[in-house]
Amino acid sequence: MIVIGVAAIEQHGPHLPIDVDYVLVEYVTEEAARRSDGLILTAPLIHYGFNEHNMGFPGTITIRETVFIDFVYDVAHSFVRQGFDRIVLINGHGSNQMLISWRGGS
Ligand SMILES: [Zn+2]
């Protein structure tokens with residue numbers, strides 16, 4: 001199984017850094033892999049996400065919905081082409097959820 005973390009860079013107000021979404025996802029995915037006794041591998045994170053609603057706040061980066069869907073698909077499908085049959089996306093940003101929720105297919 002390979003796990004791909006998906007996150008975002010966005011404002012979180014004065015109390016959190018703009019990279020908190022991917023810092024948390026990175027920790028969760030790396031810790032899951034560490035505890036899996038070799039059953040889980042981690043791919044490099046996808047740092048950017050869909051974030052149109054926060055573009056009024058400095059530091060936020062957004063990726064257009066169709067570009068984001070295609071990019072995440074291409075990353076995951078690259079692993080399929082290399083023989084992985086279990087790919088899990090771990091999402092750390094709420095607005096990505098509707099865009100990465102798919103099952104199966106090729
Ligand atoms: Zn977020």
# chains A, B, ... in the order shown; residues from 1 in each chain; ligands from 1

$ residues_near_ligand --ligand "ligand 1" --cutoff "6 Å" --atoms "only C-alpha atoms and all ligand atoms" --output "PyMOL selection string"
chain A and resi 8+21+93-94

$ select_by_dssp --residues "chain A" --states "alpha helix (DSSP H)" --output "PyMOL selection string"
chain A and resi 20-35+65-81+97-100

$ write_last_selection --atoms "C-alpha atoms" --output "compact mmCIF listing (two decimals), in the first residue's frame"
# COMPACT_ATOMS: atom_id res chain seq x y z
CA VAL A 20 -0.03 23.49 9.15
CA ASP A 21 -2.22 21.33 6.88
CA TYR A 22 0.69 19.52 5.29
CA VAL A 23 2.80 19.39 8.44
CA LEU A 24 -0.01 17.46 10.13
CA VAL A 25 -0.64 15.17 7.17
CA GLU A 26 3.04 14.49 6.79
CA TYR A 27 3.27 13.46 10.41
CA VAL A 28 0.23 11.16 10.19
CA THR A 29 1.38 9.44 7.01
CA GLU A 30 4.96 9.01 8.19
CA GLU A 31 3.83 7.69 11.54
CA ALA A 32 1.42 5.23 9.89
CA ALA A 33 4.24 3.97 7.71
CA ARG A 34 6.58 3.70 10.67
CA ARG A 35 4.07 1.60 12.60
CA GLU A 65 -10.34 22.30 -9.32
CA THR A 66 -9.81 20.54 -12.64
CA VAL A 67 -6.03 20.96 -12.46
CA PHE A 68 -5.98 19.65 -8.90
CA ILE A 69 -8.12 16.61 -9.75
CA ASP A 70 -5.97 15.78 -12.77
CA PHE A 71 -2.74 16.28 -10.84
CA VAL A 72 -3.75 14.06 -7.93
CA TYR A 73 -5.07 11.46 -10.36
CA ASP A 74 -1.84 11.46 -12.35
CA VAL A 75 0.28 11.05 -9.22
CA ALA A 76 -1.88 8.16 -7.98
CA HIS A 77 -2.10 6.57 -11.40
CA SER A 78 1.66 6.64 -11.76
CA PHE A 79 1.81 4.28 -8.79
CA VAL A 80 -0.87 2.07 -10.35
CA ARG A 81 1.22 1.81 -13.51
CA GLN A 97 -12.31 16.33 0.08
CA MET A 98 -14.96 16.68 -2.62
CA LEU A 99 -12.28 16.65 -5.30
CA ILE A 100 -10.34 13.55 -4.28

$ residues_around --residues "Asn91 of chain A" --least-positions-apart "5" --cutoff "7 Å" --atoms "only C-alpha atoms" --output "number ranges by chain"
A: 5-7, 97

$ atom_distance --atom1 "atom CA of His15 of chain A" --atom2 "atom CA of Asn96 of chain A"
22.3 Å

$ residues_around --residues "Met55 of chain A" --least-positions-apart "5" --cutoff "10 Å" --atoms "only C-alpha atoms" --output "list in words"
Glu10, Gln11, Thr60, Ile61 and Thr62 of chain A

$ closest_residue --among "A:Leu89, A:Gly83, A:Pro58, A:Arg64" --to "Pro17 of chain A" --atoms "only C-alpha atoms"
A:Pro58

$ residues_around --residues "Pro44 of chain A" --least-positions-apart "2" --cutoff "8 Å" --atoms "only C-alpha atoms" --output "PyMOL selection string"
chain A and resi 4-5+42+46

$ write_last_selection --atoms "N, CA and C atoms" --output "PDB file, in the first residue's frame"
ATOM      1  N   ILE A   4      -0.577   8.624  -0.027  1.00  0.00           N
ATOM      2  CA  ILE A   4      -0.227   9.936  -0.567  1.00  0.00           C
ATOM      3  C   ILE A   4      -0.948  10.989   0.271  1.00  0.00           C
ATOM      4  N   GLY A   5      -0.198  11.829   0.926  1.00  0.00           N
ATOM      5  CA  GLY A   5      -0.794  12.927   1.678  1.00  0.00           C
ATOM      6  C   GLY A   5      -1.149  14.069   0.745  1.00  0.00           C
ATOM      7  N   THR A  42       5.123   5.657   1.944  1.00  0.00           N
ATOM      8  CA  THR A  42       4.575   7.000   1.756  1.00  0.00           C
ATOM      9  C   THR A  42       5.189   7.633   0.513  1.00  0.00           C
ATOM     10  N   ILE A  46       1.501  16.016  -1.600  1.00  0.00           N
ATOM     11  CA  ILE A  46       1.011  17.041  -2.516  1.00  0.00           C
ATOM     12  C   ILE A  46       0.697  18.255  -1.637  1.00  0.00           C
TER      13      ILE A  46
END

$ select_by_dssp --residues "segment 21-91 of chain A" --states "strand (DSSP E)" --output "list in words"
Leu41, Thr42, Ile87, Val88, Leu89, Ile90 and Asn91 of chain A

$ closest_residue --among "A:Ile87, A:Ile2, A:Asp19, A:Ser101" --to "Ser36 of chain A" --atoms "only C-alpha atoms"
A:Ile2

$ closest_residue --among "A:Ile18, A:Ile9, A:Val3, A:Trp102" --to "Glu52 of chain A" --atoms "only C-alpha atoms"
A:Ile9

$ closest_residue --among "A:Arg86, A:Gly59, A:Gly49, A:Ser95" --to "Gly13 of chain A" --atoms "only C-alpha atoms"
A:Gly59

$ atom_distance --atom1 "atom CA of Ile90 of chain A" --atom2 "atom CA of Gly56 of chain A"
26.3 Å

$ atom_distance --atom1 "atom CA of Asn54 of chain A" --atom2 "atom CA of His12 of chain A"
9.5 Å
